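Peer 1: This is model_7.cif (mmCIF, C-alpha atoms and all ligand atoms).
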```
data_coords
#
loop_
_atom_site.label_atom_id
_atom_site.label_comp_id
_atom_site.auth_asym_id
_atom_site.auth_seq_id
_atom_site.Cartn_x
_atom_site.Cartn_y
_atom_site.Cartn_z
CA MET N 144 77.80 95.57 94.35
CA SER N 145 79.28 93.50 97.16
CA PHE N 146 82.74 92.22 98.07
CA TYR N 147 84.68 89.08 98.91
CA PHE N 148 87.59 89.06 101.27
CA THR N 149 90.55 86.66 101.16
CA LEU N 150 92.92 86.01 104.06
CA ASN N 151 96.21 84.18 103.69
CA THR N 152 97.82 83.59 107.07
CA GLY N 153 101.51 82.90 107.52
CA SER N 154 103.52 82.46 110.70
CA SER N 155 104.38 86.17 110.90
CA SER N 156 102.04 87.81 108.40
CA VAL N 157 98.47 87.97 107.14
CA LYS N 158 98.00 88.78 103.45
CA PHE N 159 94.59 90.08 102.50
CA ALA N 160 92.68 91.03 99.39
CA LEU N 161 89.31 92.52 98.71
CA TYR N 162 87.53 91.53 95.51
CA LYS N 163 84.49 92.90 93.73
CA ALA N 164 82.00 90.04 93.79
CA ALA N 165 81.59 88.22 90.44
CA THR N 166 81.98 84.66 89.12
CA GLU N 167 85.49 85.77 88.15
CA PRO N 168 86.18 88.12 91.09
CA GLU N 169 87.98 91.38 90.34
CA LEU N 170 90.79 92.54 92.66
CA PHE N 171 89.97 95.83 94.39
CA ILE N 172 92.41 96.21 97.29
CA SER N 173 95.34 94.04 98.39
CA GLY N 174 97.75 94.20 101.27
CA ILE N 175 99.65 92.55 104.08
CA ILE N 176 100.22 92.99 107.77
CA GLU N 177 103.76 91.78 108.28
CA ARG N 178 106.06 91.38 111.31
CA LEU N 179 103.08 90.43 113.51
CA GLY N 180 104.03 91.08 117.14
CA PRO N 181 105.20 94.32 118.79
CA HIS N 182 106.15 96.11 115.55
CA ALA N 183 103.50 95.08 113.04
CA ARG N 184 103.32 96.98 109.77
CA LEU N 185 100.50 97.33 107.26
CA LYS N 186 101.03 97.72 103.53
CA MET N 187 97.96 98.27 101.42
CA GLN N 188 97.45 98.92 97.72
CA THR N 189 94.24 100.48 96.47
CA ALA N 190 93.42 101.61 92.92
CA SER N 191 94.76 105.09 93.71
CA GLU N 192 97.33 104.83 96.50
CA GLN N 193 99.88 102.73 98.34
CA ILE N 194 99.68 102.93 102.13
CA VAL N 195 102.37 101.90 104.62
CA GLU N 196 101.53 102.24 108.30
CA ASP N 197 103.23 101.09 111.50
CA LEU N 198 100.55 99.53 113.67
CA GLY N 199 102.36 98.84 116.94
CA HIS N 200 101.41 95.57 118.63
CA VAL N 201 99.16 93.36 116.50
CA ASP N 202 98.97 89.57 116.71
CA HIS N 203 97.16 87.07 114.47
CA ALA N 204 93.95 87.43 116.43
CA GLY N 205 94.02 91.24 116.11
CA ALA N 206 95.09 91.36 112.47
CA VAL N 207 91.65 90.87 110.93
CA ALA N 208 90.12 93.76 112.90
CA SER N 209 93.07 96.02 111.98
CA ILE N 210 92.67 95.12 108.31
CA PHE N 211 88.94 95.67 108.36
CA THR N 212 89.31 99.11 110.00
CA ARG N 213 91.58 100.21 107.13
CA VAL N 214 89.50 98.62 104.39
CA GLU N 215 86.01 99.60 105.57
CA PRO N 216 86.06 103.23 104.31
CA HIS N 217 86.69 101.89 100.79
CA LEU N 218 83.55 99.71 100.88
CA LYS N 219 81.39 102.84 100.78
CA GLY N 220 78.57 101.11 102.64
CA LYS N 221 78.63 97.93 100.50
CA SER N 222 78.97 94.65 102.34
CA VAL N 223 81.42 91.77 102.45
CA VAL N 224 79.36 88.66 101.58
CA GLY N 225 82.01 85.95 101.70
CA ILE N 226 85.45 85.39 103.19
CA GLY N 227 87.97 82.87 101.93
CA HIS N 228 90.84 81.55 104.06
CA ARG N 229 93.95 79.82 102.85
CA ILE N 230 94.46 76.82 105.12
CA VAL N 231 97.68 74.88 104.83
CA HIS N 232 96.44 71.47 105.95
CA GLY N 233 93.19 69.74 105.10
CA GLY N 234 94.36 66.25 106.14
CA ASN N 235 92.43 63.40 104.56
CA ALA N 236 89.03 64.92 105.18
CA PHE N 237 89.10 68.22 103.25
CA TYR N 238 89.84 68.02 99.56
CA LYS N 239 87.67 70.88 98.27
CA PRO N 240 86.69 74.37 99.49
CA THR N 241 84.58 73.92 102.62
CA GLU N 242 82.33 76.17 104.68
CA LEU N 243 84.02 76.86 108.01
CA THR N 244 81.23 75.91 110.38
CA SER N 245 82.07 75.44 114.08
CA GLU N 246 82.23 71.66 113.51
CA VAL N 247 84.67 72.08 110.63
CA VAL N 248 86.86 74.43 112.68
CA GLN N 249 86.92 71.81 115.43
CA GLU N 250 87.99 69.15 112.92
CA LEU N 251 90.75 71.47 111.66
CA GLU N 252 91.99 71.82 115.24
CA GLN N 253 92.53 68.05 115.25
CA LEU N 254 94.97 68.55 112.36
CA ILE N 255 97.27 70.89 114.34
CA PRO N 256 99.75 68.06 115.07
CA LEU N 257 100.14 67.56 111.30
CA ALA N 258 101.05 71.24 110.72
CA PRO N 259 102.00 72.74 114.10
CA LEU N 260 103.85 75.65 112.52
CA HIS N 261 100.99 76.77 110.28
CA GLN N 262 97.57 75.47 111.32
CA PRO N 263 97.27 77.33 114.66
CA TYR N 264 97.79 80.68 112.91
CA SER N 265 95.14 79.96 110.28
CA LEU N 266 92.71 78.95 113.01
CA ALA N 267 93.40 82.16 114.98
CA THR N 268 92.60 84.20 111.86
CA ILE N 269 89.42 82.20 111.18
CA ARG N 270 88.17 82.74 114.74
CA ALA N 271 88.93 86.48 114.51
CA ALA N 272 87.19 86.74 111.13
CA LYS N 273 84.08 85.07 112.55
CA GLN N 274 84.01 87.73 115.25
CA VAL N 275 84.67 90.70 112.97
CA PHE N 276 82.22 89.43 110.29
CA PRO N 277 79.49 87.59 112.21
CA GLY N 278 77.08 85.72 109.96
CA VAL N 279 79.24 86.12 106.82
CA LEU N 280 79.94 82.92 104.84
CA GLN N 281 83.51 81.75 105.59
CA ILE N 282 85.19 79.29 103.23
CA GLY N 283 88.39 77.30 103.81
CA CYS N 284 90.66 76.59 100.82
CA PHE N 285 93.28 73.93 101.47
CA ASP N 286 96.84 73.83 100.16
CA THR N 287 96.76 70.04 100.35
CA ALA N 288 93.47 69.69 98.43
CA PHE N 289 94.89 69.85 94.89
CA HIS N 290 97.01 66.79 95.68
CA ALA N 291 94.19 64.63 97.04
CA GLY N 292 93.86 61.35 95.18
CA HIS N 293 97.55 60.54 94.71
CA THR N 294 98.14 56.85 94.12
CA PHE N 295 99.70 54.82 96.94
CA PRO N 296 103.37 55.16 95.85
CA ASN N 297 102.97 58.96 95.86
CA ASP N 298 100.94 58.97 99.06
CA ALA N 299 102.85 56.66 101.43
CA PHE N 300 106.24 56.44 103.16
CA ALA N 301 107.92 53.04 103.47
CA ILE N 302 107.61 52.94 107.25
CA PRO N 303 105.43 50.52 109.25
CA ARG N 304 102.01 50.47 107.70
CA HIS N 305 100.05 51.65 110.72
CA PHE N 306 101.64 55.12 110.44
CA TYR N 307 99.99 55.51 107.02
CA GLU N 308 96.63 54.62 108.52
CA GLU N 309 97.30 57.22 111.26
CA GLY N 310 97.78 59.94 108.65
CA VAL N 311 101.56 59.99 108.15
CA ARG N 312 101.28 60.50 104.39
CA ARG N 313 102.69 62.49 101.50
CA TYR N 314 100.06 65.24 101.41
CA GLY N 315 101.79 67.88 99.26
CA PHE N 316 101.40 71.67 99.53
CA HIS N 317 101.19 74.86 97.42
CA GLY N 318 98.03 73.39 95.91
CA LEU N 319 96.31 76.77 95.46
CA SER N 320 99.21 77.97 93.33
CA PHE N 321 99.23 74.82 91.17
CA ASP N 322 95.45 75.04 90.84
CA TYR N 323 95.73 78.64 89.60
CA ILE N 324 98.45 77.75 87.09
CA CYS N 325 96.32 74.92 85.70
CA SER N 326 93.41 77.35 85.29
CA GLU N 327 95.71 79.75 83.40
CA LEU N 328 96.85 76.91 81.17
CA ARG N 329 93.24 76.05 80.33
CA ARG N 330 92.66 79.71 79.46
CA GLU N 331 95.89 80.59 77.63
CA TYR N 332 97.30 77.27 76.46
CA PRO N 333 94.33 74.89 76.01
CA ASP N 334 96.38 72.68 73.66
CA ILE N 335 98.67 71.57 76.49
CA ALA N 336 96.44 72.00 79.55
CA ASN N 337 95.59 68.29 79.63
CA GLY N 338 99.12 67.13 78.88
CA ARG N 339 101.95 65.96 81.13
CA LEU N 340 103.00 69.06 83.06
CA VAL N 341 105.78 69.74 85.53
CA ILE N 342 105.13 72.92 87.51
CA ALA N 343 107.81 74.58 89.65
CA HIS N 344 106.50 77.02 92.27
CA LEU N 345 109.70 78.78 93.35
CA GLY N 346 108.93 81.40 96.01
CA ASN N 347 110.24 81.66 99.56
CA GLY N 348 108.62 78.27 99.88
CA ALA N 349 109.33 76.10 96.85
CA SER N 350 107.82 72.94 95.51
CA MET N 351 107.08 71.06 92.32
CA CYS N 352 104.10 69.19 91.09
CA ALA N 353 103.47 66.69 88.30
CA VAL N 354 100.08 67.23 86.68
CA GLU N 355 98.28 65.03 84.17
CA GLU N 356 94.87 65.87 82.71
CA GLY N 357 94.67 68.78 85.13
CA ARG N 358 95.17 66.60 88.23
CA SER N 359 98.17 66.41 90.53
CA ILE N 360 99.77 62.99 90.48
CA ASN N 361 102.93 63.77 92.47
CA ALA N 362 104.31 66.58 94.64
CA SER N 363 107.80 67.32 95.95
CA THR N 364 106.54 68.43 99.36
CA SER N 365 105.08 65.57 101.33
CA PHE N 366 104.11 65.19 105.01
CA SER N 367 105.30 68.69 105.73
CA ALA N 368 106.13 71.71 103.61
CA VAL N 369 109.82 71.20 104.40
CA ASP N 370 110.37 68.17 102.11
CA GLY N 371 111.49 68.23 98.49
CA LEU N 372 113.31 71.27 97.11
CA PRO N 373 115.60 73.48 99.19
CA MET N 374 113.79 76.78 99.83
CA GLY N 375 114.63 80.25 101.15
CA THR N 376 115.25 78.98 104.69
CA ARG N 377 113.97 75.36 104.62
CA CYS N 378 116.29 72.47 103.90
CA GLY N 379 114.17 70.36 101.55
CA ARG N 380 114.75 66.60 101.30
CA LEU N 381 117.02 65.43 104.13
CA ASP N 382 118.29 61.99 105.06
CA PRO N 383 116.43 61.02 108.27
CA GLY N 384 119.83 59.82 109.48
CA VAL N 385 120.89 63.47 109.71
CA MET N 386 117.99 64.13 112.08
CA LEU N 387 119.05 61.17 114.24
CA TYR N 388 122.62 62.44 114.27
CA LEU N 389 121.48 65.92 115.34
CA MET N 390 119.38 64.42 118.13
CA GLN N 391 121.64 61.66 119.38
CA GLU N 392 125.18 62.92 118.77
CA LYS N 393 124.68 66.70 118.88
CA GLU N 394 121.95 66.40 121.54
CA LEU N 395 119.83 69.07 119.89
CA SER N 396 116.27 69.51 121.11
CA PRO N 397 113.25 69.17 118.77
CA GLU N 398 112.91 72.98 118.90
CA GLU N 399 116.53 73.48 117.84
CA ILE N 400 116.16 71.00 114.99
CA GLU N 401 112.92 72.66 113.92
CA SER N 402 114.70 76.01 113.85
CA ILE N 403 117.52 74.53 111.75
CA ILE N 404 115.36 72.80 109.13
CA TYR N 405 112.69 75.52 108.81
CA ARG N 406 114.51 78.79 109.45
CA ARG N 407 118.28 78.38 109.10
CA SER N 408 118.70 76.11 106.09
CA GLY N 409 118.02 76.29 102.35
CA LEU N 410 119.53 79.24 100.47
CA LEU N 411 120.22 81.04 103.75
CA GLY N 412 121.97 78.07 105.37
CA LEU N 413 124.12 77.28 102.33
CA SER N 414 125.09 80.86 101.48
CA GLU N 415 125.45 82.14 105.04
CA GLU N 416 124.32 85.38 103.41
CA SER N 417 120.63 85.59 102.51
CA SER N 418 117.47 83.64 101.76
CA ASP N 419 116.68 86.17 99.05
CA MET N 420 117.60 85.07 95.53
CA ARG N 421 118.07 88.69 94.39
CA VAL N 422 120.78 89.22 97.02
CA LEU N 423 122.50 85.94 96.14
CA GLU N 424 122.45 86.69 92.42
CA HIS N 425 124.29 89.96 93.08
CA SER N 426 126.79 88.39 95.46
CA GLU N 427 130.38 87.60 94.47
CA GLU N 428 130.80 85.15 97.37
CA LEU N 429 131.55 81.49 96.63
CA PHE N 430 128.92 80.27 99.12
CA ALA N 431 126.23 82.33 97.38
CA LYS N 432 127.17 80.83 93.99
CA GLN N 433 127.17 77.33 95.50
CA ALA N 434 123.75 77.94 97.07
CA ILE N 435 122.26 78.95 93.68
CA ASN N 436 123.86 75.95 92.00
CA TYR N 437 122.59 73.54 94.66
CA TYR N 438 119.09 75.04 94.43
CA SER N 439 119.01 74.84 90.63
CA TYR N 440 120.40 71.31 90.61
CA GLN N 441 117.74 70.05 93.00
CA ILE N 442 115.02 71.57 90.81
CA ARG N 443 116.54 69.88 87.75
CA ARG N 444 116.72 66.57 89.58
CA GLU N 445 113.05 66.93 90.52
CA VAL N 446 112.09 67.68 86.89
CA GLY N 447 113.61 64.28 86.04
CA ALA N 448 111.71 62.55 88.83
CA MET N 449 108.44 64.24 87.86
CA ALA N 450 108.94 63.40 84.18
CA ALA N 451 109.50 59.77 85.17
CA SER N 452 106.34 59.69 87.25
CA LEU N 453 104.41 61.20 84.30
CA GLU N 454 106.09 58.83 81.81
CA GLY N 455 107.12 61.88 79.78
CA ILE N 456 106.83 65.63 79.81
CA ASP N 457 104.95 68.05 77.53
CA ALA N 458 105.48 71.32 79.41
CA LEU N 459 107.67 72.75 82.17
CA ILE N 460 106.21 75.77 83.93
CA PHE N 461 108.05 78.22 86.19
CA SER N 462 106.17 80.33 88.72
CA ALA N 463 106.44 82.47 91.91
CA GLY N 464 109.19 84.99 92.80
CA VAL N 465 112.24 83.03 91.62
CA GLY N 466 110.45 81.10 88.86
CA GLU N 467 108.98 84.26 87.34
CA ASN N 468 112.08 86.46 87.66
CA SER N 469 115.32 84.51 87.80
CA ALA N 470 116.67 83.88 84.30
CA ARG N 471 119.78 82.40 85.91
CA VAL N 472 117.91 79.70 87.83
CA ARG N 473 115.72 78.82 84.81
CA SER N 474 118.82 78.60 82.65
CA ASN N 475 120.66 76.43 85.19
CA VAL N 476 117.67 74.10 85.35
CA CYS N 477 116.91 73.85 81.62
CA GLU N 478 120.30 73.89 79.86
CA PRO N 479 121.34 70.36 80.88
CA LEU N 480 117.87 68.95 80.12
CA GLU N 481 118.16 68.92 76.33
CA PHE N 482 118.03 65.12 76.48
CA LEU N 483 114.43 65.46 77.71
CA GLY N 484 113.51 67.79 74.82
CA ILE N 485 113.86 70.93 76.94
CA THR N 486 115.67 73.84 75.29
CA ILE N 487 115.20 77.56 75.85
CA ASP N 488 115.74 80.83 73.99
CA GLN N 489 118.16 82.84 76.13
CA GLU N 490 116.89 86.23 74.96
CA LYS N 491 113.31 85.35 75.86
CA ASN N 492 114.55 83.84 79.12
CA MET N 493 116.39 87.03 80.04
CA ALA N 494 113.23 89.02 79.28
CA ASN N 495 111.03 86.75 81.47
CA ALA N 496 108.86 86.15 78.38
CA PRO N 497 105.71 84.03 78.84
CA GLU N 498 107.08 81.26 76.60
CA ILE N 499 110.82 80.60 76.56
CA GLY N 500 111.06 77.03 75.20
CA THR N 501 112.30 76.23 71.70
CA GLY N 502 112.18 72.43 71.75
CA ARG N 503 109.54 69.70 71.91
CA VAL N 504 108.72 70.52 75.52
CA ARG N 505 106.92 73.85 76.02
CA VAL N 506 108.65 75.98 78.67
CA LEU N 507 106.42 78.66 80.16
CA ILE N 508 106.52 81.37 82.81
CA ILE N 509 103.13 81.83 84.47
CA PRO N 510 102.75 84.28 87.38
CA THR N 511 100.84 82.64 90.20
CA ASN N 512 97.86 84.08 92.07
CA GLU N 513 96.72 82.02 95.04
CA GLU N 514 94.28 84.73 96.19
CA GLN N 515 92.34 84.49 92.92
CA VAL N 516 91.74 80.77 93.53
CA ILE N 517 90.42 81.54 97.02
CA ALA N 518 88.18 84.35 95.70
CA ARG N 519 86.78 82.02 93.00
CA ALA N 520 85.96 79.44 95.67
CA VAL N 521 84.13 82.10 97.68
CA ALA N 522 82.20 83.15 94.55
CA ALA N 523 81.16 79.55 93.89
CA ALA N 524 80.09 79.03 97.52
CA CYS N 525 78.14 82.31 97.57
CA SER N 526 76.27 81.46 94.38
CA LYS N 527 75.35 78.01 95.81
CA SER N 528 74.14 79.49 99.09
CA GLN N 529 71.82 82.02 97.37
P1 LIG C 601 106.41 84.02 98.82
O1 LIG C 601 106.59 82.55 98.81
O2 LIG C 601 106.73 84.67 100.13
O3 LIG C 601 105.10 84.52 98.18
P2 LIG C 601 107.67 85.06 96.41
O4 LIG C 601 106.88 84.26 95.45
O5 LIG C 601 107.47 86.54 96.41
O6 LIG C 601 107.59 84.53 97.89
O7 LIG C 601 109.22 84.76 96.09
C1 LIG C 601 110.24 85.33 96.84
C2 LIG C 601 111.57 84.96 96.18
O8 LIG C 601 111.57 85.45 94.83
C3 LIG C 601 112.76 85.58 96.88
O9 LIG C 601 113.82 84.64 96.98
C4 LIG C 601 113.16 86.69 95.93
O10 LIG C 601 114.52 86.97 95.99
C5 LIG C 601 112.82 86.06 94.59
N1 LIG C 601 112.76 87.10 93.55
C6 LIG C 601 111.86 88.10 93.44
N2 LIG C 601 112.19 88.92 92.41
C7 LIG C 601 113.33 88.40 91.86
C8 LIG C 601 114.19 88.78 90.78
N3 LIG C 601 113.94 89.85 90.03
N4 LIG C 601 115.26 88.00 90.51
C9 LIG C 601 115.53 86.91 91.25
N5 LIG C 601 114.77 86.50 92.29
C10 LIG C 601 113.69 87.23 92.60
#
```
Represent the supplied structure as C-alpha cells.
Peer 2:
Amino acid sequence: MSFYFTLNTGSSSVKFALYKAATEPELFISGIIERLGPHARLKMQTASEQIVEDLGHVDHAGAVASIFTRVEPHLKGKSVVGIGHRIVHGGNAFYKPTELTSEVVQELEQLIPLAPLHQPYSLATIRAAKQVFPGVLQIGCFDTAFHAGHTFPNDAFAIPRHFYEEGVRRYGFHGLSFDYICSELRREYPDIANGRLVIAHLGNGASMCAVEEGRSINASTSFSAVDGLPMGTRCGRLDPGVMLYLMQEKELSPEEIESIIYRRSGLLGLSEESSDMRVLEHSEELFAKQAINYYSYQIRREVGAMAASLEGIDALIFSAGVGENSARVRSNVCEPLEFLGITIDQEKNMANAPEIGTGRVRVLIIPTNEEQVIARAVAAACSKSQ
C-alpha cells in the first residue's frame, strides 16, 4: 500500500490530508496547521485519535516539514507516491491538473500579480514539499480550472479591450468544490447531473456557479475571489466608484483598501460582530440580522442571474459550512423564489436533509470535499506515470 498527500494552502493555514492510494482514494488522516506565524497550531485527525498541538513558530515554508514529522509514524514504512496541491490561480494556461515541474512553478510565479494574496503562499508550500519529498510526483489542481472555457460575455469586463488580452478576465474560483459537487451529482443524482444547475458554495469564502452538462458556464467570482457574493470578511460585488471614492476622497492606500475589502467587510463588516454565521444566527443585534438578510438576498439575486444565464434552472444545490448547515439562509434564499419553481419542505430544511425541494426545481444539500478532487487528480497522474 502507498499514500497520496494533499495540501491546501491558505493565507494563514495549510490544510492537509493523507489518502490510501486507489483510483478512488480513501481518506486516512486529515488536519490543519492554523495561525501560521509565531503561535502556529496543529490539529490532526487519525482513525483513532484527535491531536491538537501548539507548534511555536511555523511559517508556510516550514509547515510541510512539520506536517510530515507528525504524519510519518502513521505511514509504517509505506511511501507517499504523489502530492496534490490546491492552487488558487491557473491563469489562462492551466485548465487541468498539471505536474509541478520547475518550468511550471516558474510559470505560476508569473501569475502572482493576478492573485497576490494567495499565489505566493501556494508556491512556498510547493517549494517546501519538493524539498521534503524529493522525487515524488507533485500535481497542481487549480481553482480556476473548472471555469475555463466560459464564453466571452462571462469571461470579459467591459473595459478597454487590451486589458482582456493582458489577462484581466473573469476567471472564477472555488472550482475544486464545484467539480466535487458535480461528481457527487453524477453518482447520486444521475437524472439531473447534466441539467441546468445552480451551485452555491457558502463557506468563509462564498461563490456561485452555473453548470450545464457538467461544465461551468458562469461564476459569481471573477478576476479575484472578492467579487460576487458577500462572504465572511470579503465585500463581494462593489461599485468601482466606491474604490475611487476611498482612494481619492478618503485618501486610503491600496493596502488599506485591500484590508477593507478582503478582511473587514462581508458579514463581519455589516454586523460589526462576527464573520461566523453561527454567531450571527444566535445574535439579537439588529446589525447581525441585517447582515444575514443582505447575505441571503445577494445569494437569491445571484440565483436569478445564474438561472437567466442557463435559460432555466433544474436544480439548486447548497454546499460548504453555511450552505450545508444554515436552514435560515436556505429558507431566506428559497422562499421568495417560488416563481422560479423553487419551493422547500421546512422540516427537511431544518434537518439539513439531502433533498429539501418540493417543487419542479430539485433543491439539494451536498457536502463539499475539495481534498477528494485533489486526491483523485493525484491518483490519475500516478496511474499515467506508471
Ligand atoms: P471554509 O471556507 O473556511 O472551508 P466552511 O465551509 O467551514 O469554511 O464554512 C464556514 C462557515 O460556515 C462559517 O460562517 C460558519 O459559521 C458556517 N457554519 C458552520 N456550521 C454552521 C451551522 N451549524 N449553522 C450556521 N452556519 C454554520
Peer 1: Counting all atoms listed in the file, what are the residues, protein, DNA or RNA alike, that approach ligand LIG 601 (chain C) to within 7 Å? I want them as an MDAnalysis selection string.
Peer 2: chainID N and resid 345:348 375 418:422 463:465 468:469
Peer 1: Which residue out of N:Val207, N:Val472, N:Ala450, N:Val201 has the minimum interatomic distance to Asn436 (chain N) when all atoms listed in the file are used?
Peer 2: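 Answer, going by the shortest atom-to-atom distance: N:Val472.
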Peer 1: Skipping near chain neighbours, those fewer than 5 positions away, what residues fall within 10 Å of Glu327 (chain N) using only C-alpha atoms, listed as a list of chain:residue names?
Peer 2: N:Phe321, N:Asp322, N:Tyr332, N:Pro333, N:Ala336, N:Ile509, N:Pro510, N:Thr511, N:Asn512
Peer 1: Compare N:Ser439, N:Thr287, N:Ser173, N:Asn475 by their minimum atom-to-atom distance to Pro240 (chain N), counting only C-alpha atoms, and give me the closest one.
Peer 2: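 Comparing N:Ser439, N:Thr287, N:Ser173, N:Asn475 against Pro240 (chain N), the winner is N:Thr287.
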Peer 1: Quick one: residues within 9 Å of Leu410 (chain N), all atoms listed in the file, excluding same-chain residues fewer than 6 positions away - as a PyMOL selection string?
Peer 2: chain N and resi 373-378+416-420+423+431+434-435+437-438
Peer 1: Restricting it to C-alpha atoms, dump the selection as a short mmCIF file (atom, residue, chain, number, x, y, z; two decimals), in the coordinates of the input.
Peer 2:
```
data_model
loop_
_atom_site.label_atom_id
_atom_site.label_comp_id
_atom_site.auth_asym_id
_atom_site.auth_seq_id
_atom_site.Cartn_x
_atom_site.Cartn_y
_atom_site.Cartn_z
CA PRO N 373 115.60 73.48 99.19
CA MET N 374 113.79 76.78 99.83
CA GLY N 375 114.63 80.25 101.15
CA THR N 376 115.25 78.98 104.69
CA ARG N 377 113.97 75.36 104.62
CA CYS N 378 116.29 72.47 103.90
CA GLU N 416 124.32 85.38 103.41
CA SER N 417 120.63 85.59 102.51
CA SER N 418 117.47 83.64 101.76
CA ASP N 419 116.68 86.17 99.05
CA MET N 420 117.60 85.07 95.53
CA LEU N 423 122.50 85.94 96.14
CA ALA N 431 126.23 82.33 97.38
CA ALA N 434 123.75 77.94 97.07
CA ILE N 435 122.26 78.95 93.68
CA TYR N 437 122.59 73.54 94.66
CA TYR N 438 119.09 75.04 94.43
#
```
Peer 1: Extract, using only C-alpha atoms, all DNA, RNA and protein residues at most 7 Å from region 181-186 of chain N, discarding same-chain residues fewer than 6 positions from it, and format them as a PDB file with C-alpha atoms, in the frame of the given file.
Peer 2:
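Listed below is the output, around31.pdb:
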```pdb
ATOM      1  CA  GLY N 174      97.750  94.200 101.270  1.00  0.00           C
ATOM      2  CA  ILE N 175      99.650  92.550 104.080  1.00  0.00           C
ATOM      3  CA  ILE N 194      99.680 102.930 102.130  1.00  0.00           C
ATOM      4  CA  VAL N 195     102.370 101.900 104.620  1.00  0.00           C
ATOM      5  CA  GLU N 196     101.530 102.240 108.300  1.00  0.00           C
ATOM      6  CA  ASP N 197     103.230 101.090 111.500  1.00  0.00           C
ATOM      7  CA  LEU N 198     100.550  99.530 113.670  1.00  0.00           C
ATOM      8  CA  GLY N 199     102.360  98.840 116.940  1.00  0.00           C
ATOM      9  CA  HIS N 200     101.410  95.570 118.630  1.00  0.00           C
ATOM     10  CA  VAL N 201      99.160  93.360 116.500  1.00  0.00           C
TER      11      VAL N 201
END
```
Peer 1: Record the distance separating CA of Asn495 (chain N) and CA of Arg329 (chain N), expressed in Å with one decimal.
Peer 2: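 Interatomic distance, CA of Asn495 (chain N) to CA of Arg329 (chain N): 20.8 Å.
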Peer 1: Measure the distance from CA of His293 (chain N) to CA of Leu260 (chain N) in Å and round it to one decimal.
Peer 2: 24.2 Å
Peer 1: Of the candidates N:Asp202, N:Glu308, N:Glu192, N:Glu513, which one gets nearest to Glu177 (chain N) if we count all atoms listed in the file?
Peer 2: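 Smallest distance to Glu177 (chain N) is found for N:Asp202.
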Peer 1: Using only C-alpha atoms, which residue out of N:Gln249, N:Ser363, N:Ser326, N:Ser209 lies closest to Arg270 (chain N)?
Peer 2: N:Gln249
Peer 1: In terms of the shortest atom-to-atom distance over all atoms listed in the file, which of N:Ile269, N:Cys284, N:Pro479, N:Phe300 is closest to His317 (chain N)?
Peer 2: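 Residue with the minimum atom-to-atom distance to His317 (chain N): N:Cys284.
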Peer 1: Mind checking which residues fall within 10 Å of Asn492 (chain N), counting all atoms listed in the file, ignoring those fewer than 2 positions away in the same chain, and posting them as a ChimeraX atom specification?
Peer 2: /N:467-471,473-474,487-490,494-500,506-508
Peer 1: Which polymer residues, whether protein, DNA or RNA, lie within 8 Å of the coordinate (89.4, 89.7, 96.6) when you count only C-alpha atoms? List them as a list in words, using the chain letters and numbers from the file.
Peer 2: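 Output: Phe146, Tyr147, Phe148, Thr149, Phe159, Ala160, Leu161, Tyr162, Lys163, Ala164, Pro168, Glu169, Leu170, Phe171, Ile172, Ser173, Glu514, Gln515 and Ala518 of chain N.
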Peer 1: Keeping only C-alpha atoms, write the selected residues to a file as a PDB file, keeping the file's coordinate frame.
Peer 2:
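Result written to selection38.pdb:
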```pdb
ATOM      1  CA  PHE N 146      82.740  92.220  98.070  1.00  0.00           C
ATOM      2  CA  TYR N 147      84.680  89.080  98.910  1.00  0.00           C
ATOM      3  CA  PHE N 148      87.590  89.060 101.270  1.00  0.00           C
ATOM      4  CA  THR N 149      90.550  86.660 101.160  1.00  0.00           C
ATOM      5  CA  PHE N 159      94.590  90.080 102.500  1.00  0.00           C
ATOM      6  CA  ALA N 160      92.680  91.030  99.390  1.00  0.00           C
ATOM      7  CA  LEU N 161      89.310  92.520  98.710  1.00  0.00           C
ATOM      8  CA  TYR N 162      87.530  91.530  95.510  1.00  0.00           C
ATOM      9  CA  LYS N 163      84.490  92.900  93.730  1.00  0.00           C
ATOM     10  CA  ALA N 164      82.000  90.040  93.790  1.00  0.00           C
ATOM     11  CA  PRO N 168      86.180  88.120  91.090  1.00  0.00           C
ATOM     12  CA  GLU N 169      87.980  91.380  90.340  1.00  0.00           C
ATOM     13  CA  LEU N 170      90.790  92.540  92.660  1.00  0.00           C
ATOM     14  CA  PHE N 171      89.970  95.830  94.390  1.00  0.00           C
ATOM     15  CA  ILE N 172      92.410  96.210  97.290  1.00  0.00           C
ATOM     16  CA  SER N 173      95.340  94.040  98.390  1.00  0.00           C
ATOM     17  CA  GLU N 514      94.280  84.730  96.190  1.00  0.00           C
ATOM     18  CA  GLN N 515      92.340  84.490  92.920  1.00  0.00           C
ATOM     19  CA  ALA N 518      88.180  84.350  95.700  1.00  0.00           C
TER      20      ALA N 518
END
```
Peer 1: If I take CA of Arg443 (chain N) and CA of Ala301 (chain N), how far is one from the other in Å, to one decimal?
Peer 2: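 Value for the CA of Arg443 (chain N)-CA of Ala301 (chain N) distance: 24.6 Å.
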Peer 1: Could you check the closest approach to Leu218 (chain N) for each of N:Ser265, N:Gln253, N:Ser145, N:Asn235 and tell me which residue wins, using only C-alpha atoms?
Peer 2: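 The answer is N:Ser145, which sits nearest to Leu218 (chain N).
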Peer 1: Write out as a list of chain:residue names the residues lying within 10 Å of Asn337 (chain N), counting all atoms listed in the file and excluding same-chain residues fewer than 5 positions away.
Peer 2: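 The neighbour list is N:Cys325, N:Leu328, N:Arg329, N:Tyr332, N:Val354, N:Glu355, N:Glu356, N:Gly357, N:Arg358, N:Asp457.
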Peer 1: Dump as an NGL selection string all residues having an atom at most 10 Å from (84.4, 91.0, 114.9), computed in the file's coordinates with only C-alpha atoms.
Peer 2: :N and (205 or 207-208 or 211 or 270-277)
